[in-house]
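A short write-up of the structure that comes next.
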Amino acid sequence: MRPNLLFSSLPISSLLFAASSLPAIVLSSPQSVTPKGEWSFVQNGTTGITALEVIVVSPTLILMFDRVFGDPLQIDGHQAWAELWNLETNTGIALNAITDTFCASGALLSNGTMVSLGGQLVELPPNSTTPPDGDGRMGVRLFEPCSDPSGLNCALFEDPATLHLAANRWYPSSLRIFDGSLMIIGGTHEGTPFYNVDPENTFEFFPPKDNGVPRFSPFLERSLPTNLFPRGFALPDGKVFIVANNQSVLYDIETQIETPLPPIPNGVRVTNPMDGTATLLPLSPPLYIPEVLVCGGSNSSDSIPSLNLTTQDPASDQCTRMTLTKEGIEKGWVVERMPEGRMMPEMILIPDGKVMIINGAKTGYAALGSVGELVAANGQSNADHPVFTPVLYDPEAAVGRRFDREGLPTTDIARLYHSGITLTPNGNIFLAGSNPNSGVVENDTFHTEFRVQYLNPPFMSRSRPIIHNVPEKVAFHDKVTVGIDIPNDLNEKDIKVALMDLGFSSHAFHSSSRLVFMDAELSGDKKSLTITTPPNNRVYPPGPAYIFVTVDDVTSKGTRVMIGNGLSPPVEEQGVLPS
């Protein structure tokens with residue numbers, strides 16, 4: 001029996017955030033760039049933990065989580081499993097956590113507070129003393145907005161006795177919804193080697209709704225046993241799209257009705273332990289029509305015992321795309337093919353509207369040490385044959401011409417299970433982690449990876465647009481005028497303005513990742529830009545965002561803003577809702 005524990009009341013001081021503390025600054029580049037203006041991987045720095053969960057928490061800081069299993073980073077005389085990474089210095093500092101964050105989820109609230117949710121039951125490394133971590137399965141950890149660009153005065157807040165989930169959740173997902181709170185999806189109760197055999201087939205919310213009682217989900221029950229880390233997206237009408245296993249659904253939070261959608265074609269499974277990835281494609285005015293893209297995973301049946309699977313089973317090269325309108329759902333999924341199959345890829349929205357598909361392996365599965373054939377040199381990895389070259393997907397191109405890797409570089413670092421990645425406010429991509437092992441391993445082919453890389457776009461070596469005089473807080477359904485400096489060699493008639501949530505990366509998925517394009521008008525003297533913000537808090541769930549301006553394929557650095565009233569959730573409807 002799982003304990004029937006509910007949240008206590010969340011202290012207002014734990015969530016209070018003054019929007020004025022959000023600095024409207026522009027970052028300098030965190031590393032040198034290639035003079036030729038090419039895509040390039042740059043290695044710069046090493047983490048002290050495996051970066052299996054990654055989220056940008058300020059213009060200069062990334063927060064990472066791992067587990068207590070031998071990482072070198074120390075705090076207060078014991079191993080740390082939370083780290084702040086400084087994008088300006090490429091160094092990290094330890095944060096003190098109380099509960100185990102292994103395979104948790106997280107997102108940002110409407111007031112800017114980062115919430116880490118769930119985790120694992122305490123595990124003890126061989127021949128070790130008891131680690132100082134507590135059971136993380138009901139864990140709730142808060143990182144309030146911190147104005148210190150170095151992170152030295154930033155801290156996590158935890159009080160497991162009074163602040164916790166209602167259910168044990170290991171391998172859940174979460175996302176910010178229209179009232180600025182978080183929806184928490186699924187998970188499992190105990191450690192499992194592969195399939196979800198002890199599921200938590202419910203949704204709950206933070207701060208809690210329904211008096212803290214989780215909502216049962218027939219969809220989650222139906223998608224067993226391959227439904228860990230479900231992929232969920234808040235849609236412009238307030239509903240939530242979720243895909244798990246090879247099933248998909250629309251969920252109406254307000255009526256609590258699930259509407260089944262067409263299954264993923266060809267039996268492809270796309271959630272852990274057969275990890276594909278998914279994203280909500282960029283939303284554009286005036287209609288903000290939602291489309292989802294789901295890529296990679298496995299064609300293997302989830303009725304096969306894991307010991308009858310192998311590291312050499314091919315990953316799926318399938319991508320499927322569906323428009324989430326009545327007509328689009330009737331049409332169903334449109335099938336496309338990546339250049340190769342990928343298990344555990346990530347998809348990163350980039351400010352010009354394209355999607356970067358990166359990381360993962362050509363064969364095998366997620367998880368570790370649980371399939372029948374393990375390659376000795378690869379340690380405990382369930383996957384093999386890493387994919388070292390990313391590929392760009394252009395949603396606006398014609399079918400058959402959307403995938404492009406011309407000019408994209410190849411790395412020599414495998415990013416497999418327990419990798420983390422994010423777009424940075426500087427406009428490049430941060431990559432860290434990979435550890436398909438039960439602890440820190442140094443000598444196997446797929447060892448514990450502490451090296452940090454950046455994938456730099458070609459514009460990093462060019463003069464870039466600069467936006468300035470950006471308000472720290474902007475309202476929905478409003479016009480905002482900002483200053484802009486456009487280099488002389490750029491065509492100012494080609495301007496895109498993106499409002500972005502950079503998301504929370506864990507297990508081949510970027511929860512809450514979002515890009516909403518905004519209409520913009522350049523002044524006659526080309527010195528100011530008037531931007532029309534999203535119409536309401538369903539098109540963009542209220543909370544922190546970064547504004548990027550792309551002129552003639554050259555993207556500015558991101559400027560952080562608070563969109564909406566900046567209050568603690570749940571917040572009221574804002575802007576103008578469609579009739």
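Chain labels follow the order of the structure tokens: the first chain is A, the next B, and so on; residue numbering restarts at 1 in every chain, and ligands are counted from 1 in their shown order.
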
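Using only C-alpha atoms, the contacts of range 137-143 of chain A at a cut-off of 7 Å, with sequence neighbours closer than 6 positions omitted, comprise Thr99, Thr113, Met114, Val115, Ser116, Leu117, Gly118, Gly119, Gln120, Leu121, Ala155, Leu156, Phe157, Glu158, Pro160, Leu163, His164, Leu165, Ala166, Ala167, Asn168, Arg169 and Trp170 of chain A.
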
Please extract the residues of range 312-527 of chain A with a backbone DSSP assignment of helix (DSSP H, G or I) and present them as a list in words. Lys326, Glu327, Gly328, Ile329, Glu330, Lys331, Ala376, Ala377, Asn378, Pro458, Phe459, Met460 and Ser461 of chain A

Pick from A:Asn44, A:Val441, A:Phe102, A:Met64: nearest to Glu88 in chain A, with only C-alpha atoms counted?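 Distance minimum relative to Glu88 in chain A lands on A:Asn44.
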
Extract the full set of strand (DSSP E) residues from range 386-516 of chain A according to DSSP on the backbone, and format it as a PyMOL selection string. chain A and resi 386+391-393+403-404+419-423+429-433+451-456+466-468+473-474+479-485+495-501+504-506+510-511+514-516

Could those selected residues go to a file with N, CA and C atoms, as a tab-separated table (two decimals), in the first residue's frame?
chain	number	residue	atom	x	y	z
A	386	PRO	N	26.53	5.09	-30.48
A	386	PRO	CA	26.06	6.46	-30.29
A	386	PRO	C	25.96	7.21	-31.62
A	391	VAL	N	21.12	16.66	-36.22
A	391	VAL	CA	20.42	16.97	-37.46
A	391	VAL	C	19.38	18.05	-37.16
A	392	LEU	N	19.18	18.95	-38.11
A	392	LEU	CA	18.17	20.00	-37.98
A	392	LEU	C	16.89	19.59	-38.69
A	393	TYR	N	15.78	19.91	-38.04
A	393	TYR	CA	14.46	19.67	-38.63
A	393	TYR	C	13.79	21.03	-38.83
A	403	PHE	N	14.73	17.43	-42.99
A	403	PHE	CA	15.92	17.06	-42.24
A	403	PHE	C	17.17	17.53	-42.98
A	404	ASP	N	18.08	18.18	-42.24
A	404	ASP	CA	19.27	18.73	-42.87
A	404	ASP	C	20.42	18.68	-41.87
A	419	SER	N	21.84	11.88	-19.79
A	419	SER	CA	22.43	13.10	-20.35
A	419	SER	C	21.46	14.26	-20.15
A	420	GLY	N	22.00	15.47	-20.15
A	420	GLY	CA	21.18	16.67	-20.05
A	420	GLY	C	21.61	17.68	-21.09
A	421	ILE	N	20.67	18.51	-21.53
A	421	ILE	CA	20.96	19.46	-22.59
A	421	ILE	C	19.96	20.61	-22.52
A	422	THR	N	20.39	21.80	-22.92
A	422	THR	CA	19.45	22.91	-22.97
A	422	THR	C	19.98	24.01	-23.89
A	423	LEU	N	19.07	24.73	-24.52
A	423	LEU	CA	19.43	26.01	-25.13
A	423	LEU	C	19.80	26.96	-24.01
A	429	ILE	N	23.88	25.82	-27.41
A	429	ILE	CA	23.31	24.65	-26.76
A	429	ILE	C	24.33	24.04	-25.80
A	430	PHE	N	23.91	23.85	-24.55
A	430	PHE	CA	24.73	23.28	-23.49
A	430	PHE	C	24.46	21.78	-23.43
A	431	LEU	N	25.55	20.98	-23.44
A	431	LEU	CA	25.44	19.53	-23.36
A	431	LEU	C	26.31	19.03	-22.21
A	432	ALA	N	25.77	18.11	-21.41
A	432	ALA	CA	26.53	17.53	-20.30
A	432	ALA	C	25.94	16.17	-19.98
A	433	GLY	N	26.67	15.44	-19.14
A	433	GLY	CA	26.16	14.17	-18.65
A	433	GLY	C	26.33	13.01	-19.62
A	451	ARG	N	32.39	15.94	-18.82
A	451	ARG	CA	32.79	17.02	-19.70
A	451	ARG	C	31.58	17.81	-20.20
A	452	VAL	N	31.72	19.12	-20.23
A	452	VAL	CA	30.69	20.02	-20.74
A	452	VAL	C	31.05	20.43	-22.16
A	453	GLN	N	30.06	20.45	-23.02
A	453	GLN	CA	30.24	20.97	-24.38
A	453	GLN	C	29.19	22.04	-24.66
A	454	TYR	N	29.52	22.89	-25.62
A	454	TYR	CA	28.55	23.80	-26.21
A	454	TYR	C	28.51	23.53	-27.70
A	455	LEU	N	27.33	23.47	-28.24
A	455	LEU	CA	27.16	23.44	-29.70
A	455	LEU	C	26.84	24.86	-30.13
A	456	ASN	N	27.81	25.48	-30.82
A	456	ASN	CA	27.70	26.89	-31.21
A	456	ASN	C	27.16	27.02	-32.62
A	466	ILE	N	21.06	43.19	-31.13
A	466	ILE	CA	20.99	43.40	-29.69
A	466	ILE	C	19.66	44.09	-29.38
A	467	ILE	N	18.92	43.54	-28.44
A	467	ILE	CA	17.72	44.23	-27.98
A	467	ILE	C	17.98	44.78	-26.58
A	468	HIS	N	17.40	45.94	-26.30
A	468	HIS	CA	17.66	46.60	-25.02
A	468	HIS	C	16.41	47.36	-24.60
A	473	LYS	N	8.85	42.87	-16.85
A	473	LYS	CA	7.58	42.15	-16.83
A	473	LYS	C	6.71	42.68	-17.96
A	474	VAL	N	6.08	41.76	-18.71
A	474	VAL	CA	5.20	42.17	-19.80
A	474	VAL	C	3.86	41.47	-19.64
A	479	LYS	N	1.21	45.50	-26.50
A	479	LYS	CA	2.28	45.89	-27.41
A	479	LYS	C	3.41	46.49	-26.57
A	480	VAL	N	4.61	45.99	-26.81
A	480	VAL	CA	5.79	46.41	-26.05
A	480	VAL	C	6.84	46.89	-27.03
A	481	THR	N	7.36	48.08	-26.82
A	481	THR	CA	8.40	48.62	-27.69
A	481	THR	C	9.75	48.52	-27.01
A	482	VAL	N	10.71	47.91	-27.69
A	482	VAL	CA	12.07	47.73	-27.17
A	482	VAL	C	13.05	48.34	-28.15
A	483	GLY	N	14.24	48.66	-27.65
A	483	GLY	CA	15.29	49.13	-28.54
A	483	GLY	C	15.96	47.97	-29.25
A	484	ILE	N	16.46	48.23	-30.44
A	484	ILE	CA	17.16	47.19	-31.18
A	484	ILE	C	18.30	47.79	-31.97
A	485	ASP	N	19.44	47.10	-31.98
A	485	ASP	CA	20.58	47.46	-32.81
A	485	ASP	C	20.80	46.32	-33.80
A	495	ILE	N	12.81	39.41	-39.95
A	495	ILE	CA	12.89	39.45	-38.49
A	495	ILE	C	11.90	38.46	-37.90
A	496	LYS	N	12.38	37.65	-36.97
A	496	LYS	CA	11.54	36.76	-36.19
A	496	LYS	C	11.78	37.05	-34.71
A	497	VAL	N	10.71	37.11	-33.92
A	497	VAL	CA	10.83	37.33	-32.49
A	497	VAL	C	10.21	36.14	-31.78
A	498	ALA	N	11.01	35.45	-30.97
A	498	ALA	CA	10.58	34.24	-30.29
A	498	ALA	C	10.50	34.46	-28.79
A	499	LEU	N	9.41	34.04	-28.19
A	499	LEU	CA	9.25	34.00	-26.74
A	499	LEU	C	9.40	32.55	-26.33
A	500	MET	N	10.37	32.24	-25.44
A	500	MET	CA	10.73	30.85	-25.22
A	500	MET	C	10.79	30.47	-23.74
A	501	ASP	N	10.23	29.30	-23.43
A	501	ASP	CA	10.53	28.58	-22.20
A	501	ASP	C	11.59	27.56	-22.58
A	504	PHE	N	12.92	21.86	-19.11
A	504	PHE	CA	13.62	21.05	-18.11
A	504	PHE	C	13.99	19.73	-18.78
A	505	SER	N	15.30	19.47	-18.92
A	505	SER	CA	15.78	18.30	-19.65
A	505	SER	C	16.02	17.13	-18.72
A	506	SER	N	15.40	16.00	-19.04
A	506	SER	CA	15.66	14.76	-18.32
A	506	SER	C	15.16	13.60	-19.17
A	510	HIS	N	12.30	17.36	-23.03
A	510	HIS	CA	12.37	18.73	-22.53
A	510	HIS	C	10.98	19.17	-22.08
A	511	SER	N	10.64	18.91	-20.82
A	511	SER	CA	9.31	19.27	-20.35
A	511	SER	C	9.17	20.79	-20.27
A	514	ARG	N	9.01	25.47	-24.96
A	514	ARG	CA	7.96	26.16	-25.73
A	514	ARG	C	8.57	27.32	-26.51
A	515	LEU	N	8.06	27.54	-27.71
A	515	LEU	CA	8.42	28.70	-28.52
A	515	LEU	C	7.15	29.28	-29.11
A	516	VAL	N	6.89	30.54	-28.79
A	516	VAL	CA	5.76	31.27	-29.35
A	516	VAL	C	6.32	32.45	-30.14

From the list A:Gly297, A:Gly134, A:Gly332, A:Pro305, which residue is nearest Pro345 in chain A when using only C-alpha atoms?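 Counting only C-alpha atoms, the residue closest to Pro345 in chain A is A:Gly297.
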
Can you build me a table of range 141-241 of chain A residues sitting at most 12 Å from range 257-266 of chain A, with the closest atom pair per residue and its distance in Å to one decimal, using only C-alpha atoms, sorted by chain and residue number, as a tab-separated table?
residue	atom	partner	partner_atom	distance
A:Phe203	CA	A:Glu258	CA	11.9
A:Arg215	CA	A:Ile257	CA	10.9
A:Phe216	CA	A:Glu258	CA	10.8
A:Ser217	CA	A:Glu258	CA	8.1
A:Pro218	CA	A:Glu258	CA	8.1
A:Phe219	CA	A:Glu258	CA	7.5
A:Leu220	CA	A:Glu258	CA	10.6
A:Arg222	CA	A:Pro260	CA	10.6
A:Ser223	CA	A:Pro263	CA	10.5
A:Lys239	CA	A:Glu258	CA	9.7
A:Val240	CA	A:Glu258	CA	9.5
A:Phe241	CA	A:Leu261	CA	9.3

With only C-alpha atoms as the counted atoms, please give the residues lying no more than 10 Å from Leu95 in chain A, apart from itself and same-chain residues fewer than 3 positions off, as an MDAnalysis selection string. chainID A and resid 63:65 73:76 80:84 92 151:152 154:156

File dump, residues just selected, C-alpha atoms, as a PDB file, in the first residue's frame:
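The result, stored in part-v2.pdb:
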ATOM      1  CA  LEU A  63      20.766  23.983 -12.254  1.00  0.00           C
ATOM      2  CA  MET A  64      21.647  20.287 -12.536  1.00  0.00           C
ATOM      3  CA  PHE A  65      20.610  17.241 -10.495  1.00  0.00           C
ATOM      4  CA  LEU A  73      31.425  17.121  -6.049  1.00  0.00           C
ATOM      5  CA  GLN A  74      31.304  17.649  -2.277  1.00  0.00           C
ATOM      6  CA  ILE A  75      29.335  19.849   0.107  1.00  0.00           C
ATOM      7  CA  ASP A  76      29.401  19.933   3.910  1.00  0.00           C
ATOM      8  CA  ALA A  80      26.607  16.688  -3.533  1.00  0.00           C
ATOM      9  CA  TRP A  81      23.924  15.768  -6.052  1.00  0.00           C
ATOM     10  CA  ALA A  82      22.816  19.253  -7.045  1.00  0.00           C
ATOM     11  CA  GLU A  83      25.038  21.769  -8.847  1.00  0.00           C
ATOM     12  CA  LEU A  84      24.748  25.288 -10.227  1.00  0.00           C
ATOM     13  CA  GLY A  92      30.005  24.763 -10.996  1.00  0.00           C
ATOM     14  CA  GLY A 151      25.007  31.602  -7.736  1.00  0.00           C
ATOM     15  CA  LEU A 152      27.063  31.835  -4.551  1.00  0.00           C
ATOM     16  CA  CYS A 154      21.510  30.765  -4.077  1.00  0.00           C
ATOM     17  CA  ALA A 155      20.000  27.761  -2.306  1.00  0.00           C
ATOM     18  CA  LEU A 156      17.474  24.951  -2.599  1.00  0.00           C
TER      19      LEU A 156
END

Quick one: of A:Ile185, A:Ile413, A:Met356, A:Ala234, who's nearest to Asn537 in chain A, counting only C-alpha atoms? A:Ala234

For Met343 in chain A, which of A:Leu416, A:Val554, A:Leu374, A:Leu309 is the closest residue, counting only C-alpha atoms?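 Looking only at the distances to Met343 in chain A, the closest residue turns out to be A:Leu416.
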
Would you compute the distance between CA of Ser381 in chain A and CA of Thr310 in chain A? Give it in Å to one decimal.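 Distance between the two atoms: 10.4 Å.
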
Fewer than 6 positions away in the same chain doesn't count, so skip those; otherwise give me all residues within 8 Å of Pro285 in chain A, counting only C-alpha atoms, as an mmCIF file with C-alpha atoms, in the first residue's frame.
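Dumped to part_27.cif:
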data_model
loop_
_atom_site.group_PDB
_atom_site.id
_atom_site.type_symbol
_atom_site.label_atom_id
_atom_site.label_comp_id
_atom_site.auth_asym_id
_atom_site.auth_seq_id
_atom_site.Cartn_x
_atom_site.Cartn_y
_atom_site.Cartn_z
ATOM 1 C CA PHE A 517 6.468 33.636 -32.230
ATOM 2 C CA MET A 518 5.340 37.238 -31.699
ATOM 3 C CA ASP A 519 4.388 39.755 -34.362
#

Neighbour list for Thr363 in chain A as a ChimeraX atom specification, cut-off 7 Å, only C-alpha atoms, skip fewer than 5 positions in-chain: /A:311-315,343,383-385

So which residues touch Tyr417 in chain A within 10 Å, counting only C-alpha atoms, skipping near sequence neighbours fewer than 6 positions away, as a ChimeraX atom specification? /A:52,275,343-345,359-361,365-368,381-383,433-437,446,506-508

Selection above as a file: C-alpha atoms, as a PDB file, in the first residue's frame:
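Contents of the output file selection18.pdb:
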ATOM      1  CA  LEU A  52      21.011  13.980 -15.917  1.00  0.00           C
ATOM      2  CA  ASP A 275      12.877   6.488 -25.237  1.00  0.00           C
ATOM      3  CA  MET A 343      17.165   5.813 -28.983  1.00  0.00           C
ATOM      4  CA  MET A 344      17.249   8.592 -26.316  1.00  0.00           C
ATOM      5  CA  PRO A 345      17.512  11.603 -28.647  1.00  0.00           C
ATOM      6  CA  ASN A 359      22.261  12.775 -28.788  1.00  0.00           C
ATOM      7  CA  GLY A 360      21.205   9.153 -28.405  1.00  0.00           C
ATOM      8  CA  ALA A 361      22.147   5.790 -29.912  1.00  0.00           C
ATOM      9  CA  TYR A 365      17.307   0.834 -25.183  1.00  0.00           C
ATOM     10  CA  ALA A 366      17.237   3.263 -22.296  1.00  0.00           C
ATOM     11  CA  ALA A 367      17.890   2.182 -18.695  1.00  0.00           C
ATOM     12  CA  LEU A 368      20.981   0.148 -17.814  1.00  0.00           C
ATOM     13  CA  SER A 381      24.714   0.463 -21.137  1.00  0.00           C
ATOM     14  CA  ASN A 382      21.539  -0.969 -22.667  1.00  0.00           C
ATOM     15  CA  ALA A 383      22.342   1.068 -25.813  1.00  0.00           C
ATOM     16  CA  GLY A 433      26.164  14.170 -18.652  1.00  0.00           C
ATOM     17  CA  SER A 434      25.794  10.562 -19.809  1.00  0.00           C
ATOM     18  CA  ASN A 435      26.169   7.705 -17.362  1.00  0.00           C
ATOM     19  CA  PRO A 436      24.577   4.379 -18.318  1.00  0.00           C
ATOM     20  CA  ASN A 437      26.071   2.839 -15.173  1.00  0.00           C
ATOM     21  CA  PHE A 446      30.444   4.557 -22.035  1.00  0.00           C
ATOM     22  CA  SER A 506      15.655  14.756 -18.322  1.00  0.00           C
ATOM     23  CA  HIS A 507      15.625  11.350 -19.998  1.00  0.00           C
ATOM     24  CA  ALA A 508      15.386  12.443 -23.636  1.00  0.00           C
TER      25      ALA A 508
END

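Here the question is which of A:Ile55, A:Leu224, A:Val355, A:Ile563 gets nearest to Asn272 in chain A using only C-alpha atoms, and that residue is A:Leu224.
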
Which of these, A:Thr202, A:Thr411, A:Thr448, A:Asn428, has the shortest distance to Asn378 in chain A once you count only C-alpha atoms? A:Thr448

Measure the distance from CA of Pro351 in chain A to CA of Thr532 in chain A in Å and round it to one decimal.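 Spanning CA of Pro351 in chain A to CA of Thr532 in chain A is a straight-line distance of 16.8 Å.
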
Contacts of Pro544 in chain A at 10 Å or less, counting only C-alpha atoms, minus same-chain residues fewer than 3 places along, as a PyMOL selection string? chain A and resi 19+22+57-58+108-113+472-473+499-502+541+560-564+566

Dump of C-alpha atoms for the selected residues, as a PDB file, in the first residue's frame:
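After the write, again-v8.pdb holds the following:
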ATOM      1  CA  ALA A  19       9.144  40.229 -10.636  1.00  0.00           C
ATOM      2  CA  LEU A  22      14.412  39.547 -12.882  1.00  0.00           C
ATOM      3  CA  VAL A  57      17.273  29.154 -13.729  1.00  0.00           C
ATOM      4  CA  SER A  58      18.708  32.601 -14.521  1.00  0.00           C
ATOM      5  CA  LEU A 108       9.199  26.808 -13.417  1.00  0.00           C
ATOM      6  CA  LEU A 109       6.120  28.249 -11.735  1.00  0.00           C
ATOM      7  CA  SER A 110       4.342  31.448 -12.753  1.00  0.00           C
ATOM      8  CA  ASN A 111       6.334  33.392 -10.146  1.00  0.00           C
ATOM      9  CA  GLY A 112       9.702  32.143 -11.420  1.00  0.00           C
ATOM     10  CA  THR A 113      10.328  29.510  -8.728  1.00  0.00           C
ATOM     11  CA  GLU A 472      11.262  43.110 -16.750  1.00  0.00           C
ATOM     12  CA  LYS A 473       7.579  42.150 -16.835  1.00  0.00           C
ATOM     13  CA  LEU A 499       9.247  34.002 -26.743  1.00  0.00           C
ATOM     14  CA  MET A 500      10.727  30.846 -25.217  1.00  0.00           C
ATOM     15  CA  ASP A 501      10.533  28.581 -22.199  1.00  0.00           C
ATOM     16  CA  LEU A 502      13.874  26.742 -22.319  1.00  0.00           C
ATOM     17  CA  PRO A 541       1.614  29.621 -19.606  1.00  0.00           C
ATOM     18  CA  ARG A 560      14.703  37.280 -19.682  1.00  0.00           C
ATOM     19  CA  VAL A 561      11.239  38.620 -18.967  1.00  0.00           C
ATOM     20  CA  MET A 562       8.324  37.685 -16.757  1.00  0.00           C
ATOM     21  CA  ILE A 563       5.201  37.258 -18.846  1.00  0.00           C
ATOM     22  CA  GLY A 564       2.009  37.738 -16.890  1.00  0.00           C
ATOM     23  CA  GLY A 566       4.354  37.314 -11.807  1.00  0.00           C
TER      24      GLY A 566
END
